[in-house]
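Structure first, then comments.
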Amino acid sequence: MERRAFVKSGALALVTMGLSPSFLRRTAFGMELRNVPKGKVLICLFQRGAADALNIVVPHGERAYYAMRPSIAIPQPSRAAAGGAIDLDGFFGLHPSLAPLKPLYDRKMLAPIHAVGSPSTTRSHFDAQDYMETGTPDNKGTADGWLNRYLAVKGTCDECNLAKTPFRAVSLTPQTPRILEGPSATVAMNSLDEFSVRATGSSAERLEALYRTGSADLVHGTGAEMFDAVKMLRSANPQKYLPQNNADYPRSQFGQRLLQIAQLIKSNVGLEIAFADVGGWDTHVNQGSSTGQLAQRLDDFSRSIAALVTDLGDRMDDVVILTMSEFGRMARENGNRGTDHGHAGALFVIGGHVKGGKVHGRWPGLEQEQLYEGRDLALTTDFRSVFAEVVQHHMGASALDRVFPGFGAAPRDFLGVV
Amino acid sequence: MINVARAFTGWTIKPPAQGGGFIFRPQVHDAGEKIVLGHKLAAGRGMEDAEDVLDILARSPATAHYISFKLARRFVSDSPSKALVDHAAQVYLQTDGDIREVLRSIITSPEFFSQQAFRSKVKSPFEVVVSAMRALNAAPDNTPRTAQVIAYLGQPIFGHQAPNGWPETGESWMNTGAILNRINFGMAAAAGSLPGADIRTLPALDTIGSAPRVKQVDAVVATILNGMVSPDTRAVLLSGEHPMLANGAGAKGIQNMAPADSNSDADMAVEAMADGANGQNPARIKRNQKQGGKGGALQGRGFTNIPQLNGLPQIVGLALGSPEFQRH
C-alpha cells in the first residue's frame, strides 16, 4: 500500500483491508454478480443557479472583498465567534458551512480551484449551463454533452468487461441532463427504486414477453436490454448497501442521491460516470453571510459530499468528485443584500489521488482594475482545462480534442489537480 | 455569413407596447454592396436586400435537398433512400419549392408503401402521450400534468436546448430508461392515471368488460393499435397462450418487479423539477416550490403506486406498453 494512501485513510483503511463487513458482502455477492472489476469513477455534481464562489472559497486576505460586500462578506478566520471563514492557507478560507469538507482538504483529498469557469461572456443561466454541459462555450449548436463524448472516446474497456453494463453512466435526475446527452447509452433515474417495471404478477411477465419475442428491431432490442438492466439492478440490489464508516447523509434530495450513487458504486454494476445536480444557488436577494440562504445550501452540499467520501472509504482512491456551477456572481453585493450574475467561479475536485490541500488556479485579484468588466472575478482557468485533466489523468481517456472540440486542451496547461 | 447579417440590418420589431410587430428601420440598414452565395446585391437598397437573401436561400439546391430529406425522414423512415430524396428535391426545384408537391411525391412513392416503412418510425414522447390520449378518448388537459408526463418521458415541451429541434430518429428516443418509462406510462394510463382518460367510459370498450378475453383483445387492438399487431404480441395479450409464457420462461425473476415501498418518489420528482429549473425561470421555480411536493394524478411525474391490473385494463396497459404502440 502506498504510504500516502495509508496516511490518508488512516485507521479505516486497516479495517477494510481486514475482513470488514463490506469486504464480506462483496465476496458473498461476487458469486452471483457479473465479474465487473472496480474501475475509475467520475462523479459530476452541478450546482445550478450560479454559486457565489467568493463566499464559498473566501479570499479573506483581500481588502477589496470586504469593501465590496459590507453586509454579506464572510468574516476573517480570526473572528471565529462571528462565523469567520475556515482558513486554508492564510489568504483563502472556506465558508463556515463547508466545515465538513475541511478534513478532506487537510488530508489533501480536496482541491479547490478558484477563478475558473467559462470564457463565454454570457450572463444567462440557460446558456452558461448549456455551455458547461456541452463543453463548448458560445456554441449553441452542440448536440451532445461532454460526458457522453467521453463515453464514446474512451470506448469500451475490454479487460474489465464493462461493454455491456447498462449502468456505465447514470444520472440521478428525472431526465437525461444535457451533459450526458448523445449517442452513447446512459441511464437517468429519479431514484434507484424508480428503475423498475411498475407492474406486478402476470402483467410484468407479459410486458417482458412482448419485448422478448418478435422481430429483432430497435424497439424490441432496447426493451429486452431494459428488462436485463432491471434484473441486473435487482440482483445487485444496491439498496442493501447501507452507509459505512458512520457516514451520515442528509435527508435532503441531494444527500439521498449521493447515497444512491455510493450504492451503485458498491454494488459493482460497472458505474463509471455518475451525475447529480442541486439547485438553490441563484442568490439575488438576502443571500446571507455565515448564516442564511447560501449557508443552508452549503450545509447540505458539504454534508452530502462529506458523507459520500466517508461512505466510500478506501474506494475513493478510484473516485473523483467534480463540482461545477455555470458561472460565479458579481464581486459587489447588490441593493438586496444578494449578488447578481457574474463571471468566473470556483469548483472542487475531490478524490483519493487528487493533489489537494492547496487552492489551485491563478488568483486575479479583486481591485477595481483587476475585475472582469469592472464588476466580476476575472477568469484565469478555463473549466475545460480542469475537466480535460480529470478526463485524461483520472479516467485515462485520450483524444481530448473529441471530448472538448475546439478547445485545444494541452496537458502542459493543466493545473496539476489530479 | 457576414453579408447575410448585413442584408438583415434594419429588420427589427416595434416596441412590445406597440404590439411588437415587424418594422424595417432604413436608418440602421447597411446599404453597401453585398455578395451572397454568388449573387450580387447592389448598393443603395433597403429591405429588399434580405428579401432577396431569403429567395436565394429558398431556391438553392442545397435547401431543396435539405427540406426533402427532412420530409422523407419524417414520413417514410429514419434513413430514406437517396433516390427518394433526390426525386423529392427535383420536384422542389421544378415547382419552385411547392411543399405540397414535394410531399405528394414522397407519400405516393413506392417506398412510402413498402413493408420496411410500415411502423418504422418510433414515436417521440410527445407522440406517445398524445396518441395514448387520443386512443383513450381523453379529454384535453388544461393543467400542467400532461406536460409533466411528457417531460418525464424525455421531451419537455419547448425545453429543447439546442436550436436544432427535437430529434427525428428512433435511436435518439430509444434507450433503456426511456423504454422503461414508456412501459410504466402505459400501465399508469390503463390504471386511470392519465388526466382526462378513463377506460371504463371508453365507448369502444365499455360493453366488453366481461366479454371473453379474445374479444377484449380484438377490441383493444382495434382501438389502440389500429387493428394491427404481430402474432407474438397478440399471443401475449391473449394470456398464457404464448409459448414463452406457457413454459414459464417469462416469469423467471420478473415477478413483482415493482418495489414494495416507493413512497417518496412523487415528492422527489416535483422537487427535482424545481431544482432543474433553478435560475432559469424564477416564476416556474416558485410555482413548483409552492406545490410543495403535491404530485398530480401521475404522482408528480414518476409512475408510482400503480395497482395490479387484470382483465381489460391489463390488456389496455399491455397494448400501450407494447412495441407496436411505440411506433407510428
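Starting from 1 in every chain, residues are counted up; chains themselves are A, B, ... following the order of the C-alpha cells, and ligands are numbered from 1 as listed.
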What lies within 9 Å of region 56-64 of chain A using only C-alpha atoms, ignoring chain neighbours under 4 positions off, as a VMD selection string?
-> chain A and resid 51 to 52 68 to 69 73 to 77 85 to 87 90 to 98 112 to 114 294 298 346 to 347 359 365 to 368
Since we have the selection now, will you write its residues out, keeping N, CA and C atoms, as a short mmCIF file (atom, residue, chain, number, x, y, z; two decimals), in the first residue's frame?
```
data_model
loop_
_atom_site.label_atom_id
_atom_site.label_comp_id
_atom_site.auth_asym_id
_atom_site.auth_seq_id
_atom_site.Cartn_x
_atom_site.Cartn_y
_atom_site.Cartn_z
N ALA A 51 -23.40 29.45 -8.32
CA ALA A 51 -23.00 29.55 -6.92
C ALA A 51 -22.02 30.71 -6.73
N ASP A 52 -22.15 31.38 -5.59
CA ASP A 52 -21.33 32.56 -5.31
C ASP A 52 -19.94 32.16 -4.82
N MET A 68 -16.30 45.51 -0.87
CA MET A 68 -17.39 45.35 -1.84
C MET A 68 -18.60 44.61 -1.28
N ARG A 69 -18.41 43.95 -0.14
CA ARG A 69 -19.51 43.13 0.39
C ARG A 69 -19.78 43.47 1.86
N ALA A 73 -20.22 39.70 3.40
CA ALA A 73 -18.88 39.07 3.41
C ALA A 73 -18.77 38.08 4.56
N ILE A 74 -17.99 37.06 4.34
CA ILE A 74 -17.70 36.10 5.42
C ILE A 74 -16.54 36.69 6.22
N PRO A 75 -16.72 36.85 7.55
CA PRO A 75 -15.65 37.47 8.35
C PRO A 75 -14.34 36.69 8.26
N GLN A 76 -13.27 37.38 8.66
CA GLN A 76 -11.96 36.74 8.61
C GLN A 76 -11.88 35.59 9.62
N PRO A 77 -11.01 34.63 9.35
CA PRO A 77 -10.92 33.44 10.22
C PRO A 77 -10.69 33.79 11.69
N ALA A 85 -14.47 32.73 8.28
CA ALA A 85 -14.11 31.68 7.32
C ALA A 85 -13.17 30.67 7.98
N ILE A 86 -13.16 29.47 7.45
CA ILE A 86 -12.23 28.43 7.92
C ILE A 86 -10.96 28.57 7.09
N ASP A 87 -9.90 29.00 7.73
CA ASP A 87 -8.69 29.32 6.96
C ASP A 87 -8.10 28.09 6.27
N GLY A 90 -4.04 31.01 4.77
CA GLY A 90 -3.70 32.37 5.16
C GLY A 90 -4.30 33.43 4.26
N PHE A 91 -4.78 33.05 3.07
CA PHE A 91 -5.38 34.00 2.15
C PHE A 91 -6.82 33.59 1.81
N PHE A 92 -6.99 32.30 1.52
CA PHE A 92 -8.32 31.78 1.24
C PHE A 92 -8.86 31.04 2.46
N GLY A 93 -10.18 31.01 2.53
CA GLY A 93 -10.82 30.21 3.57
C GLY A 93 -12.12 29.64 3.04
N LEU A 94 -12.61 28.61 3.71
CA LEU A 94 -13.88 28.04 3.32
C LEU A 94 -15.01 28.71 4.09
N HIS A 95 -16.16 28.82 3.45
CA HIS A 95 -17.36 29.26 4.16
C HIS A 95 -17.56 28.34 5.37
N PRO A 96 -17.96 28.90 6.52
CA PRO A 96 -18.06 28.04 7.72
C PRO A 96 -19.00 26.85 7.53
N SER A 97 -19.98 26.97 6.64
CA SER A 97 -20.86 25.82 6.42
C SER A 97 -20.17 24.69 5.67
N LEU A 98 -18.97 24.96 5.18
CA LEU A 98 -18.23 23.91 4.48
C LEU A 98 -17.30 23.15 5.43
N PRO A 112 -9.65 22.87 -4.03
CA PRO A 112 -10.49 23.94 -4.55
C PRO A 112 -9.75 24.62 -5.70
N ILE A 113 -10.49 25.01 -6.73
CA ILE A 113 -9.90 25.77 -7.83
C ILE A 113 -10.65 27.08 -7.92
N HIS A 114 -9.93 28.17 -7.95
CA HIS A 114 -10.59 29.48 -7.95
C HIS A 114 -10.39 30.18 -9.30
N LEU A 294 -27.49 31.10 1.54
CA LEU A 294 -26.37 30.39 0.92
C LEU A 294 -25.76 29.39 1.91
N LEU A 298 -25.02 25.45 1.36
CA LEU A 298 -23.67 24.90 1.51
C LEU A 298 -23.62 23.81 2.57
N ALA A 346 -15.77 29.08 -8.82
CA ALA A 346 -14.84 28.16 -8.16
C ALA A 346 -15.44 26.76 -8.24
N LEU A 347 -14.59 25.76 -8.21
CA LEU A 347 -15.10 24.40 -8.16
C LEU A 347 -14.18 23.54 -7.30
N VAL A 359 -5.15 25.63 -2.70
CA VAL A 359 -6.11 26.23 -3.62
C VAL A 359 -5.42 26.42 -4.96
N GLY A 365 -7.11 38.69 -8.35
CA GLY A 365 -7.28 39.87 -7.51
C GLY A 365 -8.65 40.49 -7.65
N LEU A 366 -9.00 41.34 -6.70
CA LEU A 366 -10.33 41.93 -6.68
C LEU A 366 -10.30 43.46 -6.73
N GLU A 367 -9.12 44.04 -6.95
CA GLU A 367 -9.09 45.50 -7.08
C GLU A 367 -9.85 45.87 -8.35
N GLN A 368 -10.34 47.10 -8.36
CA GLN A 368 -11.21 47.54 -9.46
C GLN A 368 -10.66 47.18 -10.85
#
```
Counting only C-alpha atoms, which residues from chain A have an atom at most 7 Å from any atom of chain B, and could you show them as a PyMOL selection string?
-> chain A and resi 48-49+125-126+140-143+174-175+185+187-188+190+193+196-201+203-211+213-214+219-220+222-223+225-226+253+278-280+282
Name the residues of region 51-209 of chain A that fall into strand (DSSP E or B) according to DSSP on the backbone, using the chain letters and numbers of this document, as a ChimeraX atom specification.
-> /A:57-58,86-87,93-94,110-117,169-171,187-188
Writer output for current selection, N, CA and C atoms, as a compact mmCIF listing (two decimals), in the first residue's frame:
```
# COMPACT_ATOMS: atom_id res chain seq x y z
N VAL A 57 -15.28 29.87 -1.51
CA VAL A 57 -13.84 29.87 -1.23
C VAL A 57 -13.48 31.34 -1.03
N VAL A 58 -13.46 31.74 0.22
CA VAL A 58 -13.45 33.16 0.59
C VAL A 58 -12.03 33.74 0.53
N ILE A 86 -13.16 29.47 7.45
CA ILE A 86 -12.23 28.43 7.92
C ILE A 86 -10.96 28.57 7.09
N ASP A 87 -9.90 29.00 7.73
CA ASP A 87 -8.69 29.32 6.96
C ASP A 87 -8.10 28.09 6.27
N GLY A 93 -10.18 31.01 2.53
CA GLY A 93 -10.82 30.21 3.57
C GLY A 93 -12.12 29.64 3.04
N LEU A 94 -12.61 28.61 3.71
CA LEU A 94 -13.88 28.04 3.32
C LEU A 94 -15.01 28.71 4.09
N LEU A 110 -8.98 17.16 -1.17
CA LEU A 110 -9.84 18.17 -1.76
C LEU A 110 -9.00 19.31 -2.32
N ALA A 111 -9.24 19.59 -3.60
CA ALA A 111 -8.55 20.70 -4.26
C ALA A 111 -9.57 21.73 -4.72
N PRO A 112 -9.65 22.87 -4.03
CA PRO A 112 -10.49 23.94 -4.55
C PRO A 112 -9.75 24.62 -5.70
N ILE A 113 -10.49 25.01 -6.73
CA ILE A 113 -9.90 25.77 -7.83
C ILE A 113 -10.65 27.08 -7.92
N HIS A 114 -9.93 28.17 -7.95
CA HIS A 114 -10.59 29.48 -7.95
C HIS A 114 -10.39 30.18 -9.30
N ALA A 115 -11.28 31.14 -9.56
CA ALA A 115 -11.23 31.94 -10.79
C ALA A 115 -11.29 31.05 -12.02
N VAL A 116 -12.11 30.01 -11.92
CA VAL A 116 -12.26 29.06 -13.01
C VAL A 116 -13.68 29.18 -13.55
N GLY A 117 -13.84 28.90 -14.82
CA GLY A 117 -15.18 28.97 -15.40
C GLY A 117 -15.15 29.03 -16.90
N ALA A 169 -23.04 4.83 -17.22
CA ALA A 169 -23.25 6.25 -16.93
C ALA A 169 -24.66 6.43 -16.42
N VAL A 170 -24.77 6.89 -15.18
CA VAL A 170 -26.08 7.02 -14.56
C VAL A 170 -26.25 8.44 -14.03
N SER A 171 -27.39 9.01 -14.35
CA SER A 171 -27.71 10.32 -13.83
C SER A 171 -28.86 10.19 -12.85
N VAL A 187 -28.22 6.14 -18.50
CA VAL A 187 -29.50 5.93 -17.82
C VAL A 187 -29.76 7.10 -16.88
N ALA A 188 -30.95 7.65 -16.96
CA ALA A 188 -31.35 8.67 -15.99
C ALA A 188 -32.45 8.08 -15.13
```
Mind checking which residues fall within 7 Å of Gly196 (chain B), counting only C-alpha atoms, ignoring those fewer than 5 positions away in the same chain, and posting them as a list of chain:residue names?
-> B:Ala138, B:Ala139, B:Pro140, B:Asp141
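Taking CA of Leu258 (chain A) and CA of Arg168 (chain A) as the two end points, the separation is 16.3 Å.
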Within 12 Å of Gln370 (chain A), counting only C-alpha atoms, which residues show up once you throw out same-chain ones fewer than 4 positions away? Write them as a VMD selection string, please.
-> chain A and resid 64 115 331 363 to 366 374 to 380
Just the residues within 10 Å of Val28 (chain B), please, counting only C-alpha atoms, with nothing from its chain fewer than 5 positions along; format it as a compact mmCIF listing (two decimals) with N, CA and C atoms, in the first residue's frame.
```txt
# COMPACT_ATOMS: atom_id res chain seq x y z
N THR B 9 -29.63 43.91 -41.63
CA THR B 9 -29.59 45.09 -40.76
C THR B 9 -30.81 45.96 -41.05
N GLY B 10 -31.40 46.49 -39.99
CA GLY B 10 -32.61 47.30 -40.15
C GLY B 10 -33.89 46.52 -39.93
N TRP B 11 -33.82 45.20 -40.03
CA TRP B 11 -35.02 44.38 -39.74
C TRP B 11 -35.15 44.28 -38.24
N GLY B 46 -32.66 48.77 -49.69
CA GLY B 46 -33.13 48.71 -48.30
C GLY B 46 -33.59 47.33 -47.91
```
